[in-house]
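Chemist: Contents of entry.cif (mmCIF, C-alpha atoms and all ligand atoms):
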data_upload
#
loop_
_atom_site.group_PDB
_atom_site.id
_atom_site.type_symbol
_atom_site.label_atom_id
_atom_site.label_comp_id
_atom_site.auth_asym_id
_atom_site.auth_seq_id
_atom_site.Cartn_x
_atom_site.Cartn_y
_atom_site.Cartn_z
ATOM 1 C CA MET A 1 20.390 26.920 3.061
ATOM 2 C CA ASP A 2 20.844 24.230 5.667
ATOM 3 C CA ARG A 3 18.067 25.528 7.863
ATOM 4 C CA GLN A 4 15.204 23.729 9.544
ATOM 5 C CA THR A 5 11.838 25.473 9.358
ATOM 6 C CA ILE A 6 9.476 23.475 11.518
ATOM 7 C CA GLY A 7 5.720 24.082 11.324
ATOM 8 C CA ILE A 8 3.630 22.980 14.297
ATOM 9 C CA ILE A 9 0.193 22.136 12.910
ATOM 10 C CA SER A 10 -3.001 20.310 13.842
ATOM 11 C CA GLY A 11 -6.467 19.624 12.519
ATOM 12 C CA LYS A 12 -8.235 20.533 15.729
ATOM 13 C CA GLY A 13 -7.577 23.443 18.063
ATOM 14 C CA GLY A 14 -6.552 23.240 21.690
ATOM 15 C CA VAL A 15 -4.339 20.172 21.266
ATOM 16 C CA GLY A 16 -1.126 21.826 22.477
ATOM 17 C CA LYS A 17 0.550 23.368 19.410
ATOM 18 C CA SER A 18 1.491 26.662 21.043
ATOM 19 C CA THR A 19 2.719 24.916 24.182
ATOM 20 C CA ILE A 20 4.909 22.627 22.078
ATOM 21 C CA ALA A 21 6.214 25.468 19.855
ATOM 22 C CA VAL A 22 7.154 27.636 22.845
ATOM 23 C CA ASN A 23 8.868 24.784 24.640
ATOM 24 C CA LEU A 24 10.812 23.601 21.590
ATOM 25 C CA ALA A 25 12.122 27.161 21.232
ATOM 26 C CA THR A 26 12.981 27.213 24.946
ATOM 27 C CA ILE A 27 14.917 23.950 24.776
ATOM 28 C CA PHE A 28 16.707 24.904 21.552
ATOM 29 C CA ALA A 29 17.641 28.323 22.965
ATOM 30 C CA SER A 30 19.040 26.867 26.154
ATOM 31 C CA SER A 31 21.106 24.351 24.223
ATOM 32 C CA ASP A 32 22.476 27.018 21.872
ATOM 33 C CA TYR A 33 20.554 25.777 18.853
ATOM 34 C CA ASP A 34 20.059 29.205 17.332
ATOM 35 C CA ASN A 35 16.344 29.545 16.608
ATOM 36 C CA LEU A 36 13.509 31.970 15.950
ATOM 37 C CA LEU A 37 9.925 31.346 17.033
ATOM 38 C CA ILE A 38 7.164 32.833 14.858
ATOM 39 C CA ASP A 39 3.560 33.052 16.023
ATOM 40 C CA GLY A 40 1.697 32.181 12.844
ATOM 41 C CA ASP A 41 -1.675 32.162 14.586
ATOM 42 C CA THR A 42 -2.603 35.736 13.724
ATOM 43 C CA SER A 43 -6.278 35.299 14.664
ATOM 44 C CA ASN A 44 -5.600 33.959 18.134
ATOM 45 C CA PRO A 45 -2.018 34.828 18.993
ATOM 46 C CA SER A 46 -0.919 33.007 22.106
ATOM 47 C CA VAL A 47 2.870 32.643 21.953
ATOM 48 C CA GLY A 48 3.247 36.157 23.392
ATOM 49 C CA LEU A 49 0.782 35.282 26.142
ATOM 50 C CA HIS A 50 2.719 32.113 27.038
ATOM 51 C CA LEU A 51 5.886 34.190 27.361
ATOM 52 C CA GLY A 52 4.439 37.406 28.772
ATOM 53 C CA VAL A 53 5.556 39.446 25.736
ATOM 54 C CA TRP A 54 2.141 40.471 24.462
ATOM 55 C CA GLN A 55 2.557 44.230 24.986
ATOM 56 C CA HIS A 56 4.261 44.822 21.634
ATOM 57 C CA SER A 57 2.231 46.810 19.163
ATOM 58 C CA ASN A 58 4.148 45.475 16.144
ATOM 59 C CA GLY A 59 3.913 41.855 15.169
ATOM 60 C CA LEU A 60 3.963 39.322 12.361
ATOM 61 C CA GLN A 61 0.967 41.029 10.758
ATOM 62 C CA ASP A 62 3.053 44.188 10.194
ATOM 63 C CA VAL A 63 5.871 42.120 8.709
ATOM 64 C CA LEU A 64 3.457 40.345 6.350
ATOM 65 C CA ALA A 65 2.021 43.706 5.315
ATOM 66 C CA GLY A 66 5.549 44.976 4.551
ATOM 67 C CA LYS A 67 5.319 47.725 7.184
ATOM 68 C CA ILE A 68 8.382 46.569 9.113
ATOM 69 C CA SER A 69 11.214 44.112 8.511
ATOM 70 C CA PRO A 70 11.275 40.732 10.261
ATOM 71 C CA GLU A 71 14.333 41.878 12.235
ATOM 72 C CA GLU A 72 12.375 44.877 13.541
ATOM 73 C CA ALA A 73 9.631 42.561 14.793
ATOM 74 C CA VAL A 74 11.945 40.212 16.709
ATOM 75 C CA VAL A 75 11.545 40.375 20.471
ATOM 76 C CA LEU A 76 14.091 38.868 22.838
ATOM 77 C CA HIS A 77 12.563 37.053 25.782
ATOM 78 C CA PRO A 78 15.314 37.561 28.333
ATOM 79 C CA ALA A 79 14.320 34.789 30.718
ATOM 80 C CA THR A 80 14.586 31.999 28.157
ATOM 81 C CA GLY A 81 16.777 33.627 25.513
ATOM 82 C CA ILE A 82 14.075 32.904 22.930
ATOM 83 C CA ARG A 83 13.860 35.226 19.964
ATOM 84 C CA VAL A 84 10.281 35.530 18.855
ATOM 85 C CA ILE A 85 8.167 37.327 16.290
ATOM 86 C CA PRO A 86 4.850 37.518 18.141
ATOM 87 C CA SER A 87 1.552 38.209 16.422
ATOM 88 C CA SER A 88 -0.002 41.424 17.558
ATOM 89 C CA LEU A 89 -3.173 41.223 19.628
ATOM 90 C CA ASN A 90 -4.242 44.554 18.097
ATOM 91 C CA TYR A 91 -5.332 43.072 14.790
ATOM 92 C CA LYS A 92 -9.005 42.201 14.625
ATOM 93 C CA ARG A 93 -9.148 40.908 11.062
ATOM 94 C CA GLU A 94 -7.473 37.885 9.559
ATOM 95 C CA VAL A 95 -4.214 38.684 7.820
ATOM 96 C CA SER A 96 -3.050 36.916 4.676
ATOM 97 C CA MET A 97 -0.092 34.573 5.061
ATOM 98 C CA LYS A 98 0.644 34.723 1.316
ATOM 99 C CA ASN A 99 3.982 36.460 1.929
ATOM 100 C CA LEU A 100 5.147 34.172 4.722
ATOM 101 C CA SER A 101 7.462 32.031 2.555
ATOM 102 C CA LYS A 102 9.164 35.171 1.246
ATOM 103 C CA VAL A 103 9.447 36.601 4.758
ATOM 104 C CA VAL A 104 11.002 33.376 6.037
ATOM 105 C CA GLU A 105 13.402 33.149 3.083
ATOM 106 C CA GLY A 106 14.465 36.740 3.733
ATOM 107 C CA ILE A 107 15.526 35.945 7.295
ATOM 108 C CA LYS A 108 19.185 35.070 6.895
ATOM 109 C CA THR A 109 20.176 34.310 10.450
ATOM 110 C CA TYR A 110 19.025 31.381 12.676
ATOM 111 C CA LYS A 111 19.685 27.706 12.130
ATOM 112 C CA CYS A 112 16.083 26.897 12.907
ATOM 113 C CA ILE A 113 12.714 28.625 12.627
ATOM 114 C CA ILE A 114 9.695 27.279 14.493
ATOM 115 C CA ILE A 115 6.267 28.399 13.281
ATOM 116 C CA ASP A 116 3.214 27.997 15.505
ATOM 117 C CA SER A 117 0.033 27.775 13.455
ATOM 118 C CA PRO A 118 -3.727 28.078 13.761
ATOM 119 C CA PRO A 119 -5.714 24.817 13.592
ATOM 120 C CA GLY A 120 -7.495 23.510 10.537
ATOM 121 C CA LEU A 121 -7.267 23.378 6.786
ATOM 122 C CA SER A 122 -7.461 27.083 5.954
ATOM 123 C CA GLU A 123 -5.522 28.883 3.241
ATOM 124 C CA GLU A 124 -3.423 30.469 5.998
ATOM 125 C CA VAL A 125 -2.351 27.040 7.185
ATOM 126 C CA GLU A 126 -1.523 26.052 3.611
ATOM 127 C CA ASN A 127 0.700 29.128 3.335
ATOM 128 C CA ILE A 128 2.406 28.234 6.603
ATOM 129 C CA MET A 129 3.010 24.702 5.309
ATOM 130 C CA LYS A 130 4.616 26.068 2.145
ATOM 131 C CA ALA A 131 7.028 28.143 4.238
ATOM 132 C CA CYS A 132 8.232 25.064 6.167
ATOM 133 C CA SER A 133 10.811 22.386 5.488
ATOM 134 C CA GLU A 134 9.041 19.937 7.809
ATOM 135 C CA LEU A 135 5.843 19.669 9.799
ATOM 136 C CA VAL A 136 4.977 18.333 13.218
ATOM 137 C CA VAL A 137 1.356 17.226 13.489
ATOM 138 C CA VAL A 138 -0.100 17.465 16.976
ATOM 139 C CA THR A 139 -3.092 15.428 18.112
ATOM 140 C CA THR A 140 -4.726 14.198 21.279
ATOM 141 C CA PRO A 141 -5.532 10.479 21.556
ATOM 142 C CA ASP A 142 -9.201 10.707 20.590
ATOM 143 C CA VAL A 143 -11.098 9.997 17.376
ATOM 144 C CA PRO A 144 -12.124 13.589 16.470
ATOM 145 C CA SER A 145 -8.611 14.952 16.897
ATOM 146 C CA VAL A 146 -6.934 12.062 15.060
ATOM 147 C CA THR A 147 -9.495 12.242 12.239
ATOM 148 C CA SER A 148 -8.633 15.928 11.802
ATOM 149 C CA ALA A 149 -4.930 15.040 11.913
ATOM 150 C CA THR A 150 -5.362 12.669 8.952
ATOM 151 C CA LYS A 151 -6.858 15.514 6.921
ATOM 152 C CA ILE A 152 -4.019 17.905 7.683
ATOM 153 C CA ILE A 153 -1.483 15.211 6.780
ATOM 154 C CA ASP A 154 -3.254 14.749 3.433
ATOM 155 C CA LEU A 155 -3.041 18.496 2.870
ATOM 156 C CA ALA A 156 0.690 18.467 3.679
ATOM 157 C CA GLU A 157 1.164 15.684 1.136
ATOM 158 C CA THR A 158 -0.691 17.701 -1.486
ATOM 159 C CA HIS A 159 1.836 20.482 -0.949
ATOM 160 C CA ARG A 160 4.738 18.007 -0.797
ATOM 161 C CA VAL A 161 5.894 19.168 2.609
ATOM 162 C CA GLY A 162 7.369 16.378 4.712
ATOM 163 C CA VAL A 163 5.729 15.342 7.970
ATOM 164 C CA ALA A 164 8.491 14.797 10.531
ATOM 165 C CA GLY A 165 6.006 12.922 12.666
ATOM 166 C CA LEU A 166 3.052 12.963 15.001
ATOM 167 C CA VAL A 167 3.046 14.255 18.538
ATOM 168 C CA VAL A 168 0.359 12.739 20.728
ATOM 169 C CA ASN A 169 -0.342 15.145 23.565
ATOM 170 C CA ARG A 170 -2.398 15.036 26.758
ATOM 171 C CA ILE A 171 -2.173 11.255 27.172
ATOM 172 C CA LEU A 172 -4.014 10.008 30.250
ATOM 173 C CA ASN A 173 -3.558 6.289 29.581
ATOM 174 C CA LYS A 174 -7.271 5.693 29.930
ATOM 175 C CA LYS A 175 -8.967 2.684 28.342
ATOM 176 C CA TYR A 176 -11.125 4.890 26.137
ATOM 177 C CA GLU A 177 -8.122 6.539 24.485
ATOM 178 C CA LEU A 178 -6.903 5.421 21.084
ATOM 179 C CA HIS A 179 -3.800 3.230 21.206
ATOM 180 C CA MET A 180 -0.577 4.569 19.756
ATOM 181 C CA GLN A 181 -0.570 1.892 17.008
ATOM 182 C CA GLU A 182 -4.123 2.837 16.078
ATOM 183 C CA ILE A 183 -3.133 6.494 15.756
ATOM 184 C CA GLU A 184 -0.087 5.636 13.632
ATOM 185 C CA SER A 185 -2.099 3.394 11.359
ATOM 186 C CA LEU A 186 -4.985 5.888 10.988
ATOM 187 C CA CYS A 187 -2.569 8.716 10.146
ATOM 188 C CA ASN A 188 -0.052 6.610 8.264
ATOM 189 C CA ALA A 189 2.677 8.511 10.104
ATOM 190 C CA ARG A 190 5.173 7.840 12.866
ATOM 191 C CA ILE A 191 4.675 9.034 16.434
ATOM 192 C CA ILE A 192 7.791 10.948 17.462
ATOM 193 C CA ALA A 193 6.623 12.060 20.924
ATOM 194 C CA LYS A 194 4.067 11.035 23.512
ATOM 195 C CA ILE A 195 3.348 13.831 25.971
ATOM 196 C CA PRO A 196 1.338 12.965 29.067
ATOM 197 C CA GLU A 197 -1.414 15.089 30.564
ATOM 198 C CA ASP A 198 0.453 17.168 33.123
ATOM 199 C CA SER A 199 -1.130 19.766 35.396
ATOM 200 C CA ARG A 200 2.111 21.710 35.365
ATOM 201 C CA VAL A 201 1.472 22.692 31.738
ATOM 202 C CA PRO A 202 -1.476 25.024 32.500
ATOM 203 C CA GLU A 203 0.331 26.115 35.643
ATOM 204 C CA SER A 204 3.429 27.089 33.647
ATOM 205 C CA ILE A 205 1.288 29.029 31.157
ATOM 206 C CA ALA A 206 -0.332 30.894 34.052
ATOM 207 C CA VAL A 207 3.051 31.973 35.395
ATOM 208 C CA LYS A 208 4.359 32.648 31.846
ATOM 209 C CA ILE A 209 7.393 30.399 32.171
ATOM 210 C CA PRO A 210 7.610 27.518 29.670
ATOM 211 C CA ILE A 211 7.199 24.202 31.479
ATOM 212 C CA THR A 212 10.579 22.880 30.300
ATOM 213 C CA MET A 213 12.159 25.742 32.222
ATOM 214 C CA TYR A 214 9.631 26.009 35.036
ATOM 215 C CA HIS A 215 9.581 22.294 35.788
ATOM 216 C CA PRO A 216 12.306 20.627 33.717
ATOM 217 C CA ASN A 217 11.860 17.222 35.308
ATOM 218 C CA SER A 218 8.084 16.952 35.008
ATOM 219 C CA PRO A 219 6.747 14.171 32.749
ATOM 220 C CA ALA A 220 5.641 16.613 30.015
ATOM 221 C CA SER A 221 9.063 18.333 30.052
ATOM 222 C CA ILE A 222 10.881 15.033 29.676
ATOM 223 C CA ALA A 223 8.727 14.170 26.642
ATOM 224 C CA LEU A 224 9.246 17.651 25.163
ATOM 225 C CA ASN A 225 13.017 17.284 25.547
ATOM 226 C CA GLN A 226 12.899 13.977 23.706
ATOM 227 C CA LEU A 227 10.890 15.645 20.936
ATOM 228 C CA ALA A 228 13.430 18.466 20.702
ATOM 229 C CA ARG A 229 16.278 15.970 20.379
ATOM 230 C CA GLU A 230 14.390 13.972 17.753
ATOM 231 C CA LEU A 231 13.614 17.066 15.670
ATOM 232 C CA SER A 232 17.041 18.635 15.876
ATOM 233 C CA GLY A 233 18.735 15.391 14.915
ATOM 234 C CA ARG A 234 20.379 15.377 18.323
ATOM 235 C CA ARG A 235 22.106 18.658 17.547
ATOM 236 C CA ILE A 236 21.220 19.711 21.063
ATOM 237 C CA SER A 237 22.299 18.526 24.463
ATOM 238 C CA GLN A 238 20.239 18.258 27.645
ATOM 239 C CA PRO A 239 19.510 21.866 28.559
ATOM 240 C CA GLN A 240 20.567 23.217 31.893
ATOM 241 C CA TYR A 241 17.788 25.260 33.388
ATOM 242 C CA ALA A 242 17.030 27.249 36.472
ATOM 243 C CA GLY A 243 18.696 27.208 39.834
ATOM 244 C CA VAL A 244 21.271 29.714 38.601
ATOM 245 C CA GLY A 245 21.127 33.451 38.160
ATOM 246 C CA ILE A 246 18.387 35.895 38.977
ATOM 247 C CA PHE A 247 15.800 34.135 36.829
ATOM 248 C CA GLY A 248 16.557 30.759 38.362
ATOM 249 C CA ARG A 249 16.010 32.255 41.776
ATOM 250 C CA PHE A 250 12.763 33.817 40.540
ATOM 251 C CA ILE A 251 11.509 30.450 39.290
ATOM 252 C CA ASN A 252 12.351 28.829 42.612
ATOM 253 C CA PHE A 253 10.512 31.643 44.374
ATOM 254 C CA VAL A 254 7.381 31.126 42.234
ATOM 255 C CA LYS A 255 7.547 27.356 42.835
ATOM 256 C CA ARG A 256 7.807 27.884 46.584
ATOM 257 C CA VAL A 257 4.810 30.225 46.563
ATOM 258 C CA LEU A 258 2.815 27.592 44.683
ATOM 259 C CA GLY A 259 3.994 24.820 47.013
ATOM 260 C CA ARG A 260 5.780 22.999 44.153
ATOM 261 C CA VAL A 261 9.064 22.379 46.014
HETATM 262 N N1 LIG B 301 0.380 17.938 28.202
HETATM 263 C C1 LIG B 301 -0.568 18.755 28.675
HETATM 264 N N2 LIG B 301 -1.114 18.528 29.906
HETATM 265 C C2 LIG B 301 -2.083 19.344 30.394
HETATM 266 N N3 LIG B 301 -2.583 20.397 29.725
HETATM 267 C C3 LIG B 301 -2.096 20.664 28.501
HETATM 268 C C4 LIG B 301 -1.064 19.871 27.910
HETATM 269 N N4 LIG B 301 -0.768 20.398 26.694
HETATM 270 C C5 LIG B 301 -1.573 21.466 26.533
HETATM 271 N N5 LIG B 301 -2.375 21.635 27.605
HETATM 272 C C6 LIG B 301 -3.392 22.665 27.800
HETATM 273 O O1 LIG B 301 -4.231 22.682 26.667
HETATM 274 C C7 LIG B 301 -4.632 23.994 26.348
HETATM 275 C C8 LIG B 301 -4.392 24.260 24.890
HETATM 276 O O2 LIG B 301 -3.002 24.286 24.641
HETATM 277 P P1 LIG B 301 -2.396 25.152 23.457
HETATM 278 O O3 LIG B 301 -0.933 24.912 23.439
HETATM 279 O O4 LIG B 301 -2.877 26.552 23.536
HETATM 280 O O5 LIG B 301 -3.088 24.431 22.199
HETATM 281 P P2 LIG B 301 -3.254 24.929 20.700
HETATM 282 O O6 LIG B 301 -2.142 25.884 20.411
HETATM 283 O O7 LIG B 301 -3.171 23.670 19.869
HETATM 284 O O8 LIG B 301 -4.596 25.575 20.582
HETATM 285 C C9 LIG B 301 -3.869 24.943 27.265
HETATM 286 O O9 LIG B 301 -4.751 25.414 28.238
HETATM 287 C C10 LIG B 301 -2.802 24.063 27.910
HETATM 288 O O10 LIG B 301 -2.610 24.400 29.256
HETATM 289 MG MG MG B 302 -2.216 27.847 19.667
#
Will you turn the file into structure tokens for me?
Modeler:
Amino acid sequence: MDRQTIGIISGKGGVGKSTIAVNLATIFASSDYDNLLIDGDTSNPSVGLHLGVWQHSNGLQDVLAGKISPEEAVVLHPATGIRVIPSSLNYKREVSMKNLSKVVEGIKTYKCIIIDSPPGLSEEVENIMKACSELVVVTTPDVPSVTSATKIIDLAETHRVGVAGLVVNRILNKKYELHMQEIESLCNARIIAKIPEDSRVPESIAVKIPITMYHPNSPASIALNQLARELSGRRISQPQYAGVGIFGRFINFVKRVLGRV
């Protein structure tokens, strides 16, 4: 099937995977690139928290356990049009991802599936990799994060899953940061997006509106849009956000309250 299944992975945690996954889904949805977002981080689900759809009792864990079908677990996020299978916050124990490839293969609709993942080199991450047609490796421009990125790239190679490229996030352009060429040469992979540190990212998470919709012209949003175009092979156009409809008015209201306009 001519479908993209993009895994968002990293060696270290807290580098921006969930932010990137949620915003790719937002951009794809608003440019009619039919996609499904899956929260593969069953231990620390955060996609639902980013979108304010955490109340659902059913989640990916129930799909993996065969209790419900993937279709039954899909939640529509009306504000962005994203369709998402969140992970349930109810689960306290780690859930096996062994069935993920089968689950993904069984989903017949959607031109693209985006899978957010936990950090590290665990078996769960390996199972996520195997369910994907390509991987995006996220890192910050520091030695510990890039060192972990090299390990996860090695693991992807072991499983013969292609790395679409590296995303360097939270760039401050400080002297102590690794240079982009250094990161590419350490990882032996191409950088496909450079996302600057942007205070509107945590702000957008706090208000539960993805930054590319909340502040489409902010530096991080511009970089995320470029990433979306790169990954989709330019199958998408520049999304048109906000300013229209009830939700657009709501966003403008929130921005005014926060003094952002
Ligand atoms: N470009 C950015 N600028 C500022 N803060 C960011 C940026 N990207 C991510 N963050 C912050 O980093 C934290 C971790 O992001 P998250 O997407 O949850 O990472 P991960 O999923 O890799 O653990 C969040 O608090 C988020 O607000
Ligand atoms: Mg995360």
Chemist: Of the residues A:Gly13, A:Gly259, A:Gly66, A:Pro196, which is the one nearest to Lys102 of chain A, using all atoms listed in the file?
Modeler: A:Gly66
Chemist: Using the chain letters and numbers from this file, what does the PyMOL selection byres (((chain A and resi 171) around 12) and not hetatm) select? Give the answer as a list in words.
Modeler: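 Residues picked by the PyMOL selection byres (((chain A and resi 171) around 12) and not hetatm): Val15, Gly16, Thr139, Thr140, Pro141, Asp142, Val167, Val168, Asn169, Arg170, Leu172, Asn173, Lys174, Lys175, Tyr176, Glu177, Leu178, His179, Met180, Ala193, Lys194, Ile195, Pro196, Glu197, Asp198, Ser199, Pro219, Ala220 and Ala223 of chain A.
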Chemist: Of the candidates A:Ile192, A:Met97, A:Ala131, A:Leu37, which one gets nearest to Ile85 of chain A if we count all atoms listed in the file?
Modeler: A:Leu37
Chemist: Quick one: residues within 12 Å of ligand MG 302 (chain B), with all atoms listed in the file, as number ranges by chain?
Modeler: A: 8-22, 38-50, 87, 115-120, 138
Chemist: Between atom CA of Arg200 of chain A and atom CA of Glu134 of chain A, what is the spacing in Å?
Modeler: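 If I compute the distance from atom CA of Glu134 of chain A to atom CA of Arg200 of chain A, I get 28.5 Å.
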Chemist: Using all atoms listed in the file, pick whichever of A:Leu64, A:Ile205, A:Leu51, A:Leu76 has the shortest atom-to-atom distance to Asn127 of chain A.
Modeler: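 Answer, going by the shortest atom-to-atom distance: A:Leu64.
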Chemist: Counting all atoms listed in the file, which residues sit no farther than 12 Å from the position (-1.5, 27.3, 37.9) in the file's frame? I'd like them as a ChimeraX atom specification.
Modeler: /A:198-209,211,214,254-255,257-260
Chemist: What is the distance, in Å and to one decimal place, between atom CA of Arg190 of chain A and atom CA of Ser232 of chain A?
Modeler: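 A separation of 16.3 Å between them.
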Chemist: To one decimal place, how far is atom CA of Tyr110 of chain A from atom CA of Thr5 of chain A in Å?
Modeler: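 Calculated distance between atom CA of Tyr110 of chain A and atom CA of Thr5 of chain A is 9.9 Å.
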Chemist: Given 4 Å on each side, where is the centre and what are the edge lengths in Å to one decimal of the axis-aligned box enclosing the listed atoms of ligand LIG 301 (chain B), as AutoDock Vina command-line options?
Modeler:
--center_x -2.2 --center_y 22.2 --center_z 25.1 --size_x 13.1 --size_y 16.6 --size_z 18.5
Chemist: Find, counting all atoms listed in the file, the residue in A:Ala149, A:Val53, A:Leu36, A:Ile183 that gets nearest to Pro78 of chain A.
Modeler: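 Among the listed residues, A:Val53 lies closest to Pro78 of chain A.
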Chemist: Excluding Val161 of chain A and residues on its chain fewer than 5 positions from it, collect all residues at most 7 Å away from it, counting only C-alpha atoms, and give them as a list in words.
Modeler: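 The residues that qualify are Met129, Ser133, Glu134 and Ala156 of chain A.
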Chemist: Counting only C-alpha atoms and all ligand atoms, figure out which residue out of A:Leu100, A:Leu231, A:Ile6, A:Ile222 gets nearest to ligand LIG 301 (chain B).
Modeler: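 Using only C-alpha atoms and all ligand atoms, ligand LIG 301 (chain B) sits closest to A:Ile222.
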Chemist: Counting all atoms listed in the file, find the residues whose atoms lie at most 10 Å from (-1.0, 36.4, 4.8) (file coordinates) and write them out as a ChimeraX atom specification.
Modeler: /A:40,42,60-61,63-65,94-101,123-125,127-128
Chemist: Which one of A:Val143, A:Val163, A:Val137, A:Ala79 sits closest to ligand LIG 301 (chain B) if you count only C-alpha atoms and all ligand atoms?
Modeler: A:Val137
Chemist: Check which residues satisfy the PyMOL selection byres (((chain A and resi 57) around 8) and not hetatm) in the file shown, then give them as a PDB file with C-alpha atoms, in the coordinates of the input.
Modeler:
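Heads up, here's the output in expr_13.pdb:
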ATOM      1  CA  GLN A  55       2.557  44.230  24.986  1.00  0.00           C
ATOM      2  CA  HIS A  56       4.261  44.822  21.634  1.00  0.00           C
ATOM      3  CA  ASN A  58       4.148  45.475  16.144  1.00  0.00           C
ATOM      4  CA  GLY A  59       3.913  41.855  15.169  1.00  0.00           C
ATOM      5  CA  SER A  88      -0.002  41.424  17.558  1.00  0.00           C
ATOM      6  CA  LEU A  89      -3.173  41.223  19.628  1.00  0.00           C
ATOM      7  CA  ASN A  90      -4.242  44.554  18.097  1.00  0.00           C
TER       8      ASN A  90
END
Chemist: Skip Thr150 of chain A itself and residues of its chain fewer than 2 positions away, then list as a PyMOL selection string all residues within 9 Å of it, counting all atoms listed in the file.
Modeler: chain A and resi 11+145-148+152-155+186-188
Chemist: Which residues would end up in the selection if the PyMOL selection byres (((chain A and resi 31) around 7) and not hetatm) were applied here, given that I need the answer as a ChimeraX atom specification?
Modeler: /A:27-30,32-33,236-237,239
Chemist: Could you write segment 202-218 of chain A of the block just shown to a file containing N, CA and C atoms, as a tab-separated table (two decimals), in the first residue's frame?
Modeler:
chain	number	residue	atom	x	y	z
A	202	PRO	N	6.02	25.75	24.69
A	202	PRO	CA	5.37	25.40	25.96
A	202	PRO	C	4.06	26.14	26.19
A	203	GLU	N	3.98	27.35	25.67
A	203	GLU	CA	2.73	28.11	25.82
A	203	GLU	C	1.59	27.40	25.07
A	204	SER	N	1.89	26.93	23.87
A	204	SER	CA	0.84	26.26	23.08
A	204	SER	C	0.41	24.95	23.74
A	205	ILE	N	1.37	24.27	24.38
A	205	ILE	CA	1.02	23.01	25.06
A	205	ILE	C	0.11	23.32	26.26
A	206	ALA	N	0.42	24.44	26.94
A	206	ALA	CA	-0.40	24.82	28.10
A	206	ALA	C	-1.84	25.12	27.69
A	207	VAL	N	-2.01	25.73	26.52
A	207	VAL	CA	-3.39	26.05	26.11
A	207	VAL	C	-4.01	24.94	25.25
A	208	LYS	N	-3.24	23.87	25.02
A	208	LYS	CA	-3.70	22.67	24.30
A	208	LYS	C	-4.09	22.94	22.85
A	209	ILE	N	-3.35	23.87	22.24
A	209	ILE	CA	-3.54	24.14	20.81
A	209	ILE	C	-2.16	24.00	20.16
A	210	PRO	N	-2.00	23.08	19.22
A	210	PRO	CA	-0.67	22.91	18.61
A	210	PRO	C	-0.11	24.24	18.10
A	211	ILE	N	1.18	24.43	18.29
A	211	ILE	CA	1.77	25.75	17.97
A	211	ILE	C	1.55	26.14	16.51
A	212	THR	N	1.54	25.17	15.59
A	212	THR	CA	1.38	25.52	14.18
A	212	THR	C	-0.01	26.08	13.89
A	213	MET	N	-0.94	25.84	14.83
A	213	MET	CA	-2.26	26.43	14.69
A	213	MET	C	-2.38	27.66	15.59
A	214	TYR	N	-1.79	27.58	16.75
A	214	TYR	CA	-1.89	28.65	17.74
A	214	TYR	C	-1.08	29.88	17.30
A	215	HIS	N	0.11	29.61	16.78
A	215	HIS	CA	0.97	30.69	16.31
A	215	HIS	C	1.66	30.30	15.02
A	216	PRO	N	0.90	30.28	13.91
A	216	PRO	CA	1.43	29.70	12.67
A	216	PRO	C	2.67	30.41	12.12
A	217	ASN	N	2.87	31.66	12.51
A	217	ASN	CA	4.02	32.37	11.95
A	217	ASN	C	5.22	32.44	12.89
A	218	SER	N	5.15	31.73	14.01
A	218	SER	CA	6.29	31.76	14.94
A	218	SER	C	7.44	30.95	14.32
